[in-house]
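Undergrad: Encoded as structure tokens, here's the structure I'll be asking about.
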Amino acid sequence: MLFEFYGPLRAQSGLKSYSVEVKEEVSLLDALRLLPDRVRELVMDEEGKIRPGILILVNDVDARSVYGLSLKVRNEDRITLIPTIHGGGPQNDSI
């Protein structure tokens with residue numbers, strides 16, 4: 001399966017994408033556990049839960065809203081990770 005990274009995930013991990021092969025279908029949550037450490041730590045907390053503000057698309061569909069993390073994924077699937085929460089510009093306290 002192919003993982004694609006956008007925004008701060010791409011910048012902080014230094015990766016645009018990452019491929020991994022599985023022998024059989026796995027849950028989306030288990031697939032996310034296969035991410036390289038530097039990416040997984042940005043996507044999942046210490047308890048293995050998805051951090052707030054991470055949009056997870058499987059084949060361009062919002063997986064958590066439509067299917068949930070138990071969705072079965074295969075080698076031919078594309079998983080896109082997009083952080084939706086990020087810092088803004090510098091604050092101007094005089095406004």
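We label chains A, B, ... in the order they appear in the structure tokens, count residues from 1 in each chain, and number ligands from 1 in the order shown.
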Quick one: residues within 12 Å of Ala31 in chain A, only C-alpha atoms, excluding same-chain residues fewer than 6 positions away - as a PyMOL selection string?
TA: chain A and resi 1-3+18-25+40+44+48+56+58+69-75+77-79
Undergrad: Using DSSP on the backbone coordinates, identify the residues of chain A assigned to helix (DSSP H, G or I); present them as a PDB file with C-alpha atoms, in the first residue's frame.
TA:
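File part.pdb, as written:
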ATOM      1  CA  PRO A   8       3.639  19.483   8.096  1.00  0.00           C
ATOM      2  CA  LEU A   9       3.805  15.669   7.981  1.00  0.00           C
ATOM      3  CA  ARG A  10       5.845  15.882   4.809  1.00  0.00           C
ATOM      4  CA  ALA A  11       8.069  18.648   6.128  1.00  0.00           C
ATOM      5  CA  GLN A  12       8.653  17.103   9.567  1.00  0.00           C
ATOM      6  CA  SER A  13       9.191  13.537   8.361  1.00  0.00           C
ATOM      7  CA  LEU A  28      -6.424   0.702   8.717  1.00  0.00           C
ATOM      8  CA  LEU A  29      -5.241   1.085  12.307  1.00  0.00           C
ATOM      9  CA  ASP A  30      -2.777  -1.808  11.880  1.00  0.00           C
ATOM     10  CA  ALA A  31      -1.591  -0.319   8.585  1.00  0.00           C
ATOM     11  CA  LEU A  32      -0.861   2.984  10.334  1.00  0.00           C
ATOM     12  CA  ASP A  37       8.685   5.797  13.527  1.00  0.00           C
ATOM     13  CA  ARG A  38       9.213   9.446  12.617  1.00  0.00           C
ATOM     14  CA  VAL A  39       5.833   9.560  10.832  1.00  0.00           C
ATOM     15  CA  ARG A  40       3.910   7.300  13.209  1.00  0.00           C
ATOM     16  CA  GLU A  41       4.856   9.526  16.162  1.00  0.00           C
ATOM     17  CA  LEU A  42       3.291  12.501  14.363  1.00  0.00           C
ATOM     18  CA  VAL A  43       0.102  10.597  13.507  1.00  0.00           C
ATOM     19  CA  ALA A  63     -11.847   6.772   6.110  1.00  0.00           C
ATOM     20  CA  ARG A  64     -12.627   7.652   9.721  1.00  0.00           C
ATOM     21  CA  SER A  65     -15.933   9.352   8.909  1.00  0.00           C
ATOM     22  CA  VAL A  66     -17.155   6.801   6.392  1.00  0.00           C
TER      23      VAL A  66
END
Undergrad: Nearest residue to Asn59 in chain A out of A:Val26, A:Thr84, A:Glu76, A:Leu34, using only C-alpha atoms?
TA: A:Glu76
Undergrad: Tell me, as a count of residues only, which residues lie within 7 Å of Phe5 in chain A, counting only C-alpha atoms; anything in the same chain fewer than 3 positions away does not count.
TA: 7
Undergrad: For Pro83 in chain A, which of A:Tyr67, A:Glu47, A:Ile54, A:Asp62 is the closest residue, counting only C-alpha atoms?
TA: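 Comparing A:Tyr67, A:Glu47, A:Ile54, A:Asp62 against Pro83 in chain A, the winner is A:Ile54.
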Undergrad: From the DSSP assignment of the backbone, select every residue of chain A that is strand (DSSP E or B), and format the answer as a list of chain:residue names.
TA: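 The strand (DSSP E or B) residues within chain A come out as A:Leu2, A:Phe3, A:Glu4, A:Phe5, A:Ser17, A:Tyr18, A:Ser19, A:Val26, A:Ser27, A:Met44, A:Ile50, A:Ile54, A:Leu55, A:Ile56, A:Leu57, A:Val58, A:Val61, A:Asp62, A:Lys72, A:Val73, A:Arg78, A:Ile79, A:Thr80, A:Leu81, A:Ile82, A:Pro83.
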Undergrad: Those same residues - C-alpha atoms - I'd like them written as a short mmCIF file (atom, residue, chain, number, x, y, z; two decimals), in the first residue's frame.
TA:
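Result saved to again-v2.cif:
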data_model
loop_
_atom_site.label_atom_id
_atom_site.label_comp_id
_atom_site.auth_asym_id
_atom_site.auth_seq_id
_atom_site.Cartn_x
_atom_site.Cartn_y
_atom_site.Cartn_z
CA LEU A 2 1.09 3.53 -0.60
CA PHE A 3 1.03 6.19 2.10
CA GLU A 4 1.12 9.83 0.97
CA PHE A 5 1.99 12.68 3.33
CA SER A 17 5.34 8.96 0.46
CA TYR A 18 6.06 5.52 1.86
CA SER A 19 5.22 2.06 0.48
CA VAL A 26 -5.13 -5.49 7.56
CA SER A 27 -7.16 -2.93 9.45
CA MET A 44 -0.44 8.44 16.61
CA ILE A 50 -4.85 8.86 16.11
CA ILE A 54 -5.22 14.18 11.10
CA LEU A 55 -7.39 13.59 8.04
CA ILE A 56 -7.01 10.00 6.79
CA LEU A 57 -8.15 9.27 3.26
CA VAL A 58 -8.24 5.78 1.79
CA VAL A 61 -12.48 8.83 0.86
CA ASP A 62 -12.42 10.13 4.46
CA LYS A 72 -9.63 -3.42 5.80
CA VAL A 73 -6.90 -2.18 3.47
CA ARG A 78 -3.60 4.48 -1.23
CA ILE A 79 -3.68 6.06 2.23
CA THR A 80 -3.31 9.83 2.37
CA LEU A 81 -2.50 11.61 5.64
CA ILE A 82 -3.21 15.33 5.89
CA PRO A 83 -2.85 17.36 9.08
#
Undergrad: Go through A:Leu15, A:Asp60, A:Arg51, A:Gly68 one by one, measure the shortest atom-to-atom distance of each to Ile85 in chain A using only C-alpha atoms, and give the residue with the smallest value.
TA: A:Arg51
